[in-house]
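What follows is a set of notes on a single structure, which appears directly below.
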Amino acid sequence: MSAHESHHHSAPHSHAHGHGPAVPVSRHLRKVIAAVLIPFAAAVAVGLFVLWPGGAPPHKPSGVGFDQPTETARVVKVAEVNCADVHAEQQPQPPSPTGQPPTGGADKGKPCQQATIEVTTGEHKGRTFQTVVTPDALRHYTTGQEVVVSYSPKAPKDLQYSISDVDRSLPMWLLAAIFAFAVVIVGRLRGLLALVALAASFVVLTLFILPAILQGSNPLVVAVVGGSAIMLIALYLCHGLTARTSVAVLGTLASLLLIGLLGSVFIGWALLTGNTDDTTGLVHGLYPDIEIRGLLLAGIIIGSLGVLDDVTVTQTAAVWELKEADPSAGWRKLYSAAMRIGRDHIASVVNTLVLAYAGAALPLLLLFSIAQSSVGTVASSEVVAEEIVRTLVGSIGLVAAVPLTTLLAALVVSADRKERSAPTGYETGAGQMTGAEAGAGAGVTGGVPASPTGGRQGRRGGRGKRRKQ
């Protein structure tokens with residue numbers, strides 16, 4: 001085949017085999033995808049506008065638990081005192097099952113610590129108070145240590161302030177900086193965009209989802225709208241405004257709808273109230289209009305969103321790369337090959353979810369183990385059943401996301417390539433061969449009959465020349 005003919009044979013493949021990931025470019029498919037995603041994005045924008053809370057509703061602090069004003073303070077002095085002098089008694093330790101003396105026995109007779117704390121922020125800045133720390137306490141203080149104090153205005157003046165926690169700002173900010181540095185160094189521009197998307201997710205969560213729920217909006221509707229906004233921002237910002245990303249968005253949306261449906265059915269069927277801890281009870285006491293059961297369902301949806309994004313993007317990318325490796329593959333072959341990847345992904349992701357929820361509920365599981373409760377009793381208790389429903393509903397959505405997204409990606413990428421892979425020998429026009437030229441090129445190469453694979457070899461040769469330019 002002559003150089004001129006080889007050039008014309010390779011021209012139709014210039015889009016499909018360029019550097020970087022290939023994306024569908026046919027106008028028809030772009031219109032179809034846009035016809036689905038543009039109304040969806042518009043609906044999300046309308047939902048954000050209608051449900052936008054304008055901030056959390058004000059309320060008078062109750063002074064109970066987390067609902068207490070807090071200020072920062074500093075430990076200015078630590079002195080050893082006799083525990084009896086400050087009326088501080090250690091809690092008696094139960095004997096161990098082996099008959100050994102209690103572990104706290106070694107602390108008996110040791111002096112207590114009396115720490116003097118100075119409030120450093122707020123209207124009572126400069127006020128000092130004292131707190132006693134027994135030898136068996138888990139937390140001890142040192143001079144100069146930063147702490148967080150809670151304020152109870154209804155208590156006596158000497159008891160209005162108490163230490164609620166230590167100030168962990170420095171290690172937390174340092175750890176966040178190390179995380180951001182690692183993401184940018186390894187991920188480069190993609191890593192930077194991922195951090196921007198993460199910040200945008202927190203903005204949506206703190207400025208829309210949480211205040212809207214506190215204002216009394218339906219938690220399920222708020223979670224769907226807010227989760228969809230996070231999904232659109234994160235996926236398009238990190239992976240580009242491409243058809244491949246759009247397929248991942250559609251797969252994620254379908255899976256989220258399935259999770260919402262299953263969660264709603266089984267939360268109602270299992271008679272779960274969602275009010276299983278003191279924090280939830282306190283929130284409901286402060287804001288009685290909040291639907292606690294809807295809050296549980298909203299948590300399931302938001303908690304599954306991050307892993308869903310990972311699954312759908314990975315499966316879509318796998319289909320695209322398989323098509324690039326084998327342009328002649330049909331959608332059935334692409335689906336089968338990508339599902340082999342997806343099955344491994346399912347196994348690892350489901351295990352990750354189960355272990356994550358088990359790790360979060362580990363203290364609770366230990367209590368049931370200590371009580372020697374049966375597996376059926378533990379699983380049917382509401383506090384554990386809630387976690388089981390959360391885990392299984394999220395896992396079902398993740399499992400379903402793999403075949404749904406893979407099938408959608410295979411159909412889209414195959415349909416797009418069909419439009420662009422028409423026989424080049426019958427194309428005419430500027431820069432394309434006529435039918436006669438195609439026949440000559442296909443039949444003779446330098447006076448020697450061409451082999452059946454000669455056309456493919458010629459295209460490969462032309463493609464190699466372009467990449468060297």
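Naming works like this for the structure tokens: A, B, ... for the chains as they're shown, residue 1 at the start of each chain, ligands 1 onward in shown order.
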Counting only C-alpha atoms, what are the residues of region 120-213 of chain A within 10 Å of region 293-312 of chain A, and for each of them which pair of atoms is the nearest and at what distance in Å, to one decimal? Sort the table by chain and rising number, as a Markdown table.
```
| residue | atom | partner | partner_atom | distance |
| --- | --- | --- | --- | --- |
| A:Leu205 | CA | A:Ile302 | CA | 9.7 |
| A:Ile209 | CA | A:Ala298 | CA | 9.7 |
| A:Ile213 | CA | A:Leu295 | CA | 8.1 |
```
Just to be explicit: take each residue in the selection above, keep all heavy atoms, and write the result as a tab-separated table (two decimals), in the first residue's frame.
```tsv
chain	number	residue	atom	x	y	z
A	205	LEU	N	-22.84	19.51	52.56
A	205	LEU	CA	-23.29	18.81	53.77
A	205	LEU	C	-23.59	19.79	54.91
A	205	LEU	O	-24.63	19.67	55.58
A	205	LEU	CB	-22.21	17.81	54.21
A	205	LEU	CG	-22.52	16.96	55.45
A	205	LEU	CD1	-23.71	16.04	55.19
A	205	LEU	CD2	-21.30	16.15	55.86
A	209	ILE	N	-27.52	20.14	53.68
A	209	ILE	CA	-28.16	18.92	54.19
A	209	ILE	C	-28.49	19.04	55.67
A	209	ILE	O	-29.65	18.85	56.08
A	209	ILE	CB	-27.25	17.70	53.92
A	209	ILE	CG1	-27.10	17.48	52.41
A	209	ILE	CG2	-27.83	16.45	54.59
A	209	ILE	CD1	-26.20	16.32	52.05
A	213	ILE	N	-32.38	19.62	57.24
A	213	ILE	CA	-33.01	18.61	58.10
A	213	ILE	C	-33.44	19.24	59.42
A	213	ILE	O	-34.53	18.96	59.94
A	213	ILE	CB	-32.04	17.43	58.34
A	213	ILE	CG1	-31.81	16.66	57.05
A	213	ILE	CG2	-32.58	16.51	59.43
A	213	ILE	CD1	-30.80	15.55	57.16
```
Item to check | 8 Å contact set for region 227-237 of chain A, only C-alpha atoms, chain neighbours under 6 positions out, as a list in words | outcome: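 Once the adjacent positions are removed, what remains is Ala41, Val44, Ala45, Leu193, Ala194, Ala197, Leu198, Ala200, Ser201, Val204, Thr245, Val249, Leu253, Ile301, Ile302, Leu305 and Asp309 of chain A.
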Item to check | Spatial neighbours of Leu408 (chain A), 12 Å, only C-alpha atoms, chain gap at least 5 places, as a ChimeraX atom specification | outcome: /A:33,243-252,254,312,315-316,319-320,331-332,334-335,338,401-403,413-415
Restricted to C-alpha atoms, what would the selected residues look like written as a PDB file, in the first residue's frame?
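The new file result-v4.pdb reads:
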```
ATOM      1  CA  ILE A  33     -26.997  11.540  27.358  1.00  0.00           C
ATOM      2  CA  ALA A 243     -19.746  10.992  28.184  1.00  0.00           C
ATOM      3  CA  ARG A 244     -17.791   8.432  30.202  1.00  0.00           C
ATOM      4  CA  THR A 245     -18.379  10.435  33.377  1.00  0.00           C
ATOM      5  CA  SER A 246     -22.029  10.857  32.430  1.00  0.00           C
ATOM      6  CA  VAL A 247     -22.439   7.084  32.226  1.00  0.00           C
ATOM      7  CA  ALA A 248     -20.947   6.781  35.732  1.00  0.00           C
ATOM      8  CA  VAL A 249     -23.402   9.444  36.945  1.00  0.00           C
ATOM      9  CA  LEU A 250     -26.354   7.532  35.510  1.00  0.00           C
ATOM     10  CA  GLY A 251     -25.161   4.284  37.095  1.00  0.00           C
ATOM     11  CA  THR A 252     -24.712   5.993  40.458  1.00  0.00           C
ATOM     12  CA  ALA A 254     -29.853   4.272  39.471  1.00  0.00           C
ATOM     13  CA  THR A 312     -19.326   3.219  38.870  1.00  0.00           C
ATOM     14  CA  GLN A 315     -16.481  -0.018  35.877  1.00  0.00           C
ATOM     15  CA  THR A 316     -17.046   2.672  33.265  1.00  0.00           C
ATOM     16  CA  VAL A 319     -15.341  -0.777  29.647  1.00  0.00           C
ATOM     17  CA  TRP A 320     -13.717   2.130  27.823  1.00  0.00           C
ATOM     18  CA  TRP A 331     -21.268  -4.897  23.742  1.00  0.00           C
ATOM     19  CA  ARG A 332     -21.767  -8.485  24.905  1.00  0.00           C
ATOM     20  CA  LEU A 334     -17.295  -5.901  26.614  1.00  0.00           C
ATOM     21  CA  TYR A 335     -19.914  -6.600  29.258  1.00  0.00           C
ATOM     22  CA  ALA A 338     -15.801  -5.907  32.426  1.00  0.00           C
ATOM     23  CA  ALA A 401     -24.261  -0.794  40.553  1.00  0.00           C
ATOM     24  CA  VAL A 402     -21.694  -3.072  38.901  1.00  0.00           C
ATOM     25  CA  PRO A 403     -23.901  -4.796  36.284  1.00  0.00           C
ATOM     26  CA  VAL A 413     -19.393   2.810  23.865  1.00  0.00           C
ATOM     27  CA  SER A 414     -20.458   0.150  21.340  1.00  0.00           C
ATOM     28  CA  ALA A 415     -23.195   2.305  19.834  1.00  0.00           C
TER      29      ALA A 415
END
```
Next on the checklist: I need the residue nearest His124 (chain A) from this list: A:Gly191, A:Lys77, A:Ala43, A:Thr72. Use only C-alpha atoms for the distance.
Outcome noted: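 Answer, going by the shortest atom-to-atom distance: A:Thr72.
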Considering only C-alpha atoms, return as a PDB file with C-alpha atoms, in the first residue's frame whatever protein or nucleic-acid residues lie within 7 Å of Ile117 (chain A), sequence-local ones (same chain, fewer than 5 positions apart) excluded.
```
ATOM      1  CA  ALA A  73      -9.035  27.179  77.902  1.00  0.00           C
ATOM      2  CA  ARG A  74      -5.529  26.459  79.105  1.00  0.00           C
ATOM      3  CA  VAL A  75      -4.125  24.469  82.039  1.00  0.00           C
ATOM      4  CA  VAL A  76      -2.100  27.017  84.025  1.00  0.00           C
ATOM      5  CA  THR A 128     -10.154  30.328  86.403  1.00  0.00           C
ATOM      6  CA  PHE A 129     -11.581  27.190  87.946  1.00  0.00           C
ATOM      7  CA  GLN A 130     -10.167  23.976  89.336  1.00  0.00           C
TER       8      GLN A 130
END
```
Next on the checklist: Need the shell around region 142-150 of chain A: protein/DNA/RNA residues with any atom at most 12 Å away, counting only C-alpha atoms. Skip same-chain ones fewer than 6 positions apart. Format as a ChimeraX atom specification?
Outcome noted: /A:61,63-80,113-122,124-125,127-131,133,159-170
Checklist entry - CA of Ala34 (chain A) and CA of Thr242 (chain A) are how many Å apart? => result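 Computed distance, CA of Ala34 (chain A) to CA of Thr242 (chain A), equals 10.6 Å.
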Item to check | Those of region 138-238 of chain A in DSSP helix (DSSP H, G or I), formatted as a ChimeraX atom specification | outcome: /A:157-159,169-214,219-238
Next on the checklist: Using only C-alpha atoms, which protein or nucleic acid residues come within 7 Å of Glu386 (chain A)? Drop anything in the same chain fewer than 4 positions from it, and give the result as an MDAnalysis selection string.
Outcome noted: chainID A and resid 272 382 390
Please, could you write that set of residues out with all heavy atoms as a PDB file, in the first residue's frame?
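File written: again14.pdb
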```
ATOM      1  N   LEU A 272     -37.970  -0.137  62.532  1.00  0.00           N
ATOM      2  CA  LEU A 272     -36.837   0.600  63.097  1.00  0.00           C
ATOM      3  C   LEU A 272     -37.241   2.053  63.315  1.00  0.00           C
ATOM      4  O   LEU A 272     -37.820   2.690  62.423  1.00  0.00           O
ATOM      5  CB  LEU A 272     -35.633   0.530  62.156  1.00  0.00           C
ATOM      6  CG  LEU A 272     -35.068  -0.865  61.869  1.00  0.00           C
ATOM      7  CD1 LEU A 272     -33.913  -0.780  60.891  1.00  0.00           C
ATOM      8  CD2 LEU A 272     -34.626  -1.540  63.164  1.00  0.00           C
ATOM      9  N   GLU A 382     -32.781  -3.629  68.194  1.00  0.00           N
ATOM     10  CA  GLU A 382     -32.878  -2.516  67.243  1.00  0.00           C
ATOM     11  C   GLU A 382     -31.537  -1.869  66.947  1.00  0.00           C
ATOM     12  O   GLU A 382     -31.237  -1.538  65.796  1.00  0.00           O
ATOM     13  CB  GLU A 382     -33.849  -1.442  67.757  1.00  0.00           C
ATOM     14  CG  GLU A 382     -33.977  -0.270  66.793  1.00  0.00           C
ATOM     15  CD  GLU A 382     -35.094   0.683  67.162  1.00  0.00           C
ATOM     16  OE1 GLU A 382     -35.730   0.471  68.200  1.00  0.00           O
ATOM     17  OE2 GLU A 382     -35.317   1.637  66.399  1.00  0.00           O
ATOM     18  N   ARG A 390     -28.542  -1.106  57.487  1.00  0.00           N
ATOM     19  CA  ARG A 390     -27.686  -0.110  56.833  1.00  0.00           C
ATOM     20  C   ARG A 390     -26.624  -0.788  55.962  1.00  0.00           C
ATOM     21  O   ARG A 390     -26.377  -0.403  54.813  1.00  0.00           O
ATOM     22  CB  ARG A 390     -27.020   0.751  57.895  1.00  0.00           C
ATOM     23  CG  ARG A 390     -26.291   1.975  57.351  1.00  0.00           C
ATOM     24  CD  ARG A 390     -25.377   2.555  58.417  1.00  0.00           C
ATOM     25  NE  ARG A 390     -26.072   2.782  59.671  1.00  0.00           N
ATOM     26  CZ  ARG A 390     -26.690   3.913  59.985  1.00  0.00           C
ATOM     27  NH1 ARG A 390     -26.695   4.919  59.122  1.00  0.00           N
ATOM     28  NH2 ARG A 390     -27.287   4.062  61.154  1.00  0.00           N
TER      29      ARG A 390
END
```
Item to check | DSSP-assigned strand (DSSP E or B) among region 111-190 of chain A, expressed as a ChimeraX atom specification | outcome: /A:112-119,128-133,146-151,161-166
Item to check | Test item: residues at most 9 Å from Ala318 (chain A), only C-alpha atoms, excluding those fewer than 4 positions along its chain, as a list in words | outcome: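 In the requested format, the answer is Val313, Thr314, Leu322, Lys323, Ala337, Ala338, Ile341, Gly342 and Thr406 of chain A.
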Checklist entry - Counting only C-alpha atoms, which of A:Ala35, A:Ala137, A:Phe40, A:Leu398 gets nearest to Ala88 (chain A)? => result A:Ala137
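Between Phe202 (chain A) and the residues A:Gly226, A:Leu51, A:Cys112, A:Asn82, the shortest atom-to-atom distance, using only C-alpha atoms, involves A:Gly226.
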Next on the checklist: Can you measure CA of Ala176 (chain A) to CA of Gly394 (chain A) for me? One decimal in Å is fine.
Outcome noted: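 Answer for the CA of Ala176 (chain A) to CA of Gly394 (chain A) separation: 27.7 Å.
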Item to check | Top pick for closest residue to Arg343 (chain A), considering A:Ala400, A:Arg30, A:Ser152, A:Val186 and counting only C-alpha atoms | outcome: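 Of the candidates, the smallest distance to Arg343 (chain A) is held by A:Ala400.
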